[in-house]
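Trainee: Structure provided below as structure tokens; questions to follow.
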Amino acid sequence: MDRLHSMKVFAKVVEQGSFVRAAEILSLSNAVVTRYIVDLENHLGARLLNRSTRRLSLTESGLAYLERIRHILPEIEEAEAIVALETKKPAGTLSLYSHVGFGQSQLGKLLPDYSRAYPEVMLDISLSERSKDLVEEGLDVGFFSSLQKFDASMVVRKIGVAEVVLCASPSYIAQHGAPQTPDELNRHACLNFSHEHLRHNWHVKTEDGIRDIPITSNVVSNSALLLRDFALAGMGIAMRPSFSLGDDLRCGKLQRVLADYQMGQVTVMMAYPSRRLLSAKVRSFVDFIVEKFPQPESDPWL
């Protein structure tokens, strides 16, 4: 039995004082309306209506039940209307998570355009190196790097493949020179991300395969923004995904070193919990990001 619909039918029968008139308004047959009332009474274990061939009257139980559902039904209808509106028009709070490097370097460029297009959506953005569970933490959309672990049940779309590059400021290169081979890195100050497997060695692809090159870390941090600032200040050589350095490389504030060697790649992925019954705010945001990154196999940041 659809209890909610039975409640609505019961209220309409009482309002109209007739099974026939209630059936006409609800576009149901008399038999179906009668069945709803009988099923509701059977479920409650109480008679709600006294019927005769000429009139209807509420029993004491029916009157008490009607008083309660008269308050409940409008609230349910209002809740349904709110949800229906949210599925049609982007509005409300959109909760986003992003890996720090991508979030700090890219979201500030992307999100103003989205906000201008959908001014009734309020953005709630969380940046963290810790991979977050979108469902558990009530988040709508997340941006993850391929170095992170996340729930395999998520809907995932690859939005870009970034090359990992080595770079330094012109002032650092002028003062210390640029390494010509990976082995020369151990004579330079290195600005290092605080992953344990990168603390003492950087991985470089050479003709002989993947090699671990010993390095000396001048600065270690989990902040991509800090490492970028330190590189710009001439403090050493940084190894970063291209999405966190693209503009600096293009305008010459930073210069690539060992550009003929491959340091690896990082894939950036957008994830959200489900394709089914997406709210308008999530659907609009997913479509917006897909439009911004139409060729996920290429590196859009170099």
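Here, A, B, ... name the chains of the structure tokens in the order displayed, residue numbers run from 1 inside each chain, and ligands are numbered from 1 in the same displayed order.
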Mind listing the strand (DSSP E) residues of range 123-189 of chain A, per DSSP on the backbone, as a list in words?

Mentor: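 Matching residues, listed in order: Leu123, Asp124, Ile125, Ser126, Leu127, Val141, Gly142, Phe143, Phe144, Ser145, Val155, Val156, Arg157, Lys158, Ile159, Gly160, Val161, Ala162, Glu163, Val164, Val165, Leu166, Cys167, Ala168 and Ala189 of chain A.
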
Trainee: Can I get the selection written as a PDB file, in the first residue's frame, with C-alpha atoms?

Mentor:
```
ATOM      1  CA  LEU A 123      30.035  27.156  -3.685  1.00  0.00           C
ATOM      2  CA  ASP A 124      31.457  25.425  -0.607  1.00  0.00           C
ATOM      3  CA  ILE A 125      35.032  24.367  -1.495  1.00  0.00           C
ATOM      4  CA  SER A 126      37.342  22.144   0.531  1.00  0.00           C
ATOM      5  CA  LEU A 127      41.007  21.616  -0.434  1.00  0.00           C
ATOM      6  CA  VAL A 141      31.791  16.645  -6.631  1.00  0.00           C
ATOM      7  CA  GLY A 142      35.477  15.929  -6.093  1.00  0.00           C
ATOM      8  CA  PHE A 143      38.710  16.434  -8.052  1.00  0.00           C
ATOM      9  CA  PHE A 144      41.286  13.715  -7.419  1.00  0.00           C
ATOM     10  CA  SER A 145      44.772  13.027  -8.705  1.00  0.00           C
ATOM     11  CA  VAL A 155      31.230   8.087 -11.360  1.00  0.00           C
ATOM     12  CA  VAL A 156      34.642   9.199 -12.641  1.00  0.00           C
ATOM     13  CA  ARG A 157      35.609  11.346 -15.623  1.00  0.00           C
ATOM     14  CA  LYS A 158      39.208  12.022 -16.614  1.00  0.00           C
ATOM     15  CA  ILE A 159      39.645  15.737 -17.246  1.00  0.00           C
ATOM     16  CA  GLY A 160      43.365  16.003 -17.916  1.00  0.00           C
ATOM     17  CA  VAL A 161      46.733  14.269 -17.955  1.00  0.00           C
ATOM     18  CA  ALA A 162      49.465  16.527 -16.598  1.00  0.00           C
ATOM     19  CA  GLU A 163      53.158  16.046 -17.208  1.00  0.00           C
ATOM     20  CA  VAL A 164      55.366  16.215 -14.137  1.00  0.00           C
ATOM     21  CA  VAL A 165      58.094  18.796 -14.789  1.00  0.00           C
ATOM     22  CA  LEU A 166      61.240  20.122 -13.147  1.00  0.00           C
ATOM     23  CA  CYS A 167      61.551  23.885 -13.075  1.00  0.00           C
ATOM     24  CA  ALA A 168      63.428  26.735 -11.485  1.00  0.00           C
ATOM     25  CA  ALA A 189      68.703  22.563  -3.823  1.00  0.00           C
TER      26      ALA A 189
END
```

Trainee: Taking the DSSP secondary structure from the backbone, can you list the residues of range 59-197 of chain A that are alpha helix (DSSP H), as a ChimeraX atom specification?

Mentor: /A:60-88,100-102,108-117,170-176

Trainee: Pick out the closest residue to Asn186 in chain A from this set: A:Gly209, A:Phe230, A:Ile237, A:Asp140. Count only C-alpha atoms.

Mentor: A:Ile237

Trainee: Counting only C-alpha atoms, which of A:Asp247, A:Ser128, A:Val257, A:Leu26 gets nearest to Glu184 in chain A?

Mentor: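 The answer is A:Val257, which sits nearest to Glu184 in chain A.
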
Trainee: Check the smallest atom-to-atom distance from each of A:Phe150, A:Tyr261, A:Tyr118, A:Tyr172 to Arg283 in chain A using only C-alpha atoms, then report the winner.

Mentor: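 Result for the nearest residue to Arg283 in chain A: A:Tyr118.
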
Trainee: To one decimal in Å, tell me the separation between CA of Ile213 in chain A and CA of Asp248 in chain A.

Mentor: 25.4 Å

Trainee: Between CA of Leu110 in chain A and CA of Tyr97 in chain A, measure the distance and give it in Å to one decimal.

Mentor: 14.2 Å

Trainee: Which value, in Å to one decimal, gives the distance between CA of Asn42 in chain A and CA of Arg68 in chain A?

Mentor: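 Value for the CA of Asn42 in chain A-CA of Arg68 in chain A distance: 18.2 Å.
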
Trainee: Ranking A:Ala91, A:Arg250, A:Asp229, A:Leu73 by minimum distance to Ala117 in chain A and counting only C-alpha atoms, which one comes first?

Mentor: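 Of A:Ala91, A:Arg250, A:Asp229, A:Leu73, the one nearest Ala117 in chain A is A:Ala91, counting only C-alpha atoms.
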
Trainee: Quick one: residues within 9 Å of range 223-228 of chain A, only C-alpha atoms counted, chain neighbours fewer than 5 positions away excluded, as a PDB file with N, CA, C and O atoms, in the first residue's frame?

Mentor:
```pdb
ATOM      1  N   VAL A 100      44.800  19.502  -3.324  1.00  0.00           N
ATOM      2  CA  VAL A 100      45.306  20.862  -3.118  1.00  0.00           C
ATOM      3  C   VAL A 100      45.952  21.448  -4.368  1.00  0.00           C
ATOM      4  O   VAL A 100      45.663  22.580  -4.758  1.00  0.00           O
ATOM      5  N   GLY A 101      46.836  20.680  -5.020  1.00  0.00           N
ATOM      6  CA  GLY A 101      47.563  21.229  -6.166  1.00  0.00           C
ATOM      7  C   GLY A 101      46.643  21.705  -7.264  1.00  0.00           C
ATOM      8  O   GLY A 101      46.792  22.821  -7.784  1.00  0.00           O
ATOM      9  N   PHE A 102      45.666  20.881  -7.623  1.00  0.00           N
ATOM     10  CA  PHE A 102      44.721  21.269  -8.674  1.00  0.00           C
ATOM     11  C   PHE A 102      43.819  22.402  -8.194  1.00  0.00           C
ATOM     12  O   PHE A 102      43.562  23.362  -8.926  1.00  0.00           O
ATOM     13  N   GLN A 104      44.277  24.777  -5.861  1.00  0.00           N
ATOM     14  CA  GLN A 104      44.931  26.079  -5.724  1.00  0.00           C
ATOM     15  C   GLN A 104      45.286  26.692  -7.068  1.00  0.00           C
ATOM     16  O   GLN A 104      45.241  27.911  -7.238  1.00  0.00           O
ATOM     17  N   SER A 105      45.635  25.855  -8.021  1.00  0.00           N
ATOM     18  CA  SER A 105      46.116  26.407  -9.295  1.00  0.00           C
ATOM     19  C   SER A 105      45.015  26.605 -10.328  1.00  0.00           C
ATOM     20  O   SER A 105      45.139  27.467 -11.204  1.00  0.00           O
ATOM     21  N   GLU A 129      45.019  17.505   0.954  1.00  0.00           N
ATOM     22  CA  GLU A 129      45.841  16.428   0.404  1.00  0.00           C
ATOM     23  C   GLU A 129      45.251  15.068   0.768  1.00  0.00           C
ATOM     24  O   GLU A 129      45.522  14.074   0.110  1.00  0.00           O
ATOM     25  N   LEU A 191      63.164  21.566  -4.102  1.00  0.00           N
ATOM     26  CA  LEU A 191      61.931  21.930  -3.396  1.00  0.00           C
ATOM     27  C   LEU A 191      60.982  20.752  -3.525  1.00  0.00           C
ATOM     28  O   LEU A 191      60.486  20.464  -4.614  1.00  0.00           O
ATOM     29  N   ASN A 192      60.709  20.099  -2.424  1.00  0.00           N
ATOM     30  CA  ASN A 192      60.136  18.761  -2.478  1.00  0.00           C
ATOM     31  C   ASN A 192      58.766  18.694  -1.829  1.00  0.00           C
ATOM     32  O   ASN A 192      58.524  19.316  -0.788  1.00  0.00           O
ATOM     33  N   PHE A 193      57.906  17.916  -2.453  1.00  0.00           N
ATOM     34  CA  PHE A 193      56.597  17.650  -1.870  1.00  0.00           C
ATOM     35  C   PHE A 193      56.743  16.574  -0.798  1.00  0.00           C
ATOM     36  O   PHE A 193      57.547  15.662  -0.926  1.00  0.00           O
ATOM     37  N   SER A 194      55.955  16.690   0.257  1.00  0.00           N
ATOM     38  CA  SER A 194      56.177  15.850   1.438  1.00  0.00           C
ATOM     39  C   SER A 194      55.539  14.469   1.331  1.00  0.00           C
ATOM     40  O   SER A 194      54.825  14.030   2.232  1.00  0.00           O
ATOM     41  N   ALA A 233      60.927  32.394  -5.956  1.00  0.00           N
ATOM     42  CA  ALA A 233      61.877  33.189  -5.180  1.00  0.00           C
ATOM     43  C   ALA A 233      63.329  32.754  -5.390  1.00  0.00           C
ATOM     44  O   ALA A 233      64.238  33.317  -4.775  1.00  0.00           O
ATOM     45  N   ALA A 238      62.017  22.786  -8.400  1.00  0.00           N
ATOM     46  CA  ALA A 238      60.776  22.151  -7.952  1.00  0.00           C
ATOM     47  C   ALA A 238      60.340  21.094  -8.956  1.00  0.00           C
ATOM     48  O   ALA A 238      60.531  21.258 -10.165  1.00  0.00           O
ATOM     49  N   ARG A 240      56.886  19.547 -10.091  1.00  0.00           N
ATOM     50  CA  ARG A 240      55.458  19.766  -9.915  1.00  0.00           C
ATOM     51  C   ARG A 240      54.688  19.325 -11.147  1.00  0.00           C
ATOM     52  O   ARG A 240      55.207  19.368 -12.273  1.00  0.00           O
ATOM     53  N   SER A 244      49.985  22.976 -11.984  1.00  0.00           N
ATOM     54  CA  SER A 244      50.284  23.942 -10.927  1.00  0.00           C
ATOM     55  C   SER A 244      51.322  24.975 -11.342  1.00  0.00           C
ATOM     56  O   SER A 244      51.640  25.871 -10.571  1.00  0.00           O
ATOM     57  N   LEU A 245      51.844  24.857 -12.576  1.00  0.00           N
ATOM     58  CA  LEU A 245      52.931  25.747 -12.999  1.00  0.00           C
ATOM     59  C   LEU A 245      52.753  26.333 -14.398  1.00  0.00           C
ATOM     60  O   LEU A 245      53.582  27.132 -14.828  1.00  0.00           O
TER      61      LEU A 245
END
```
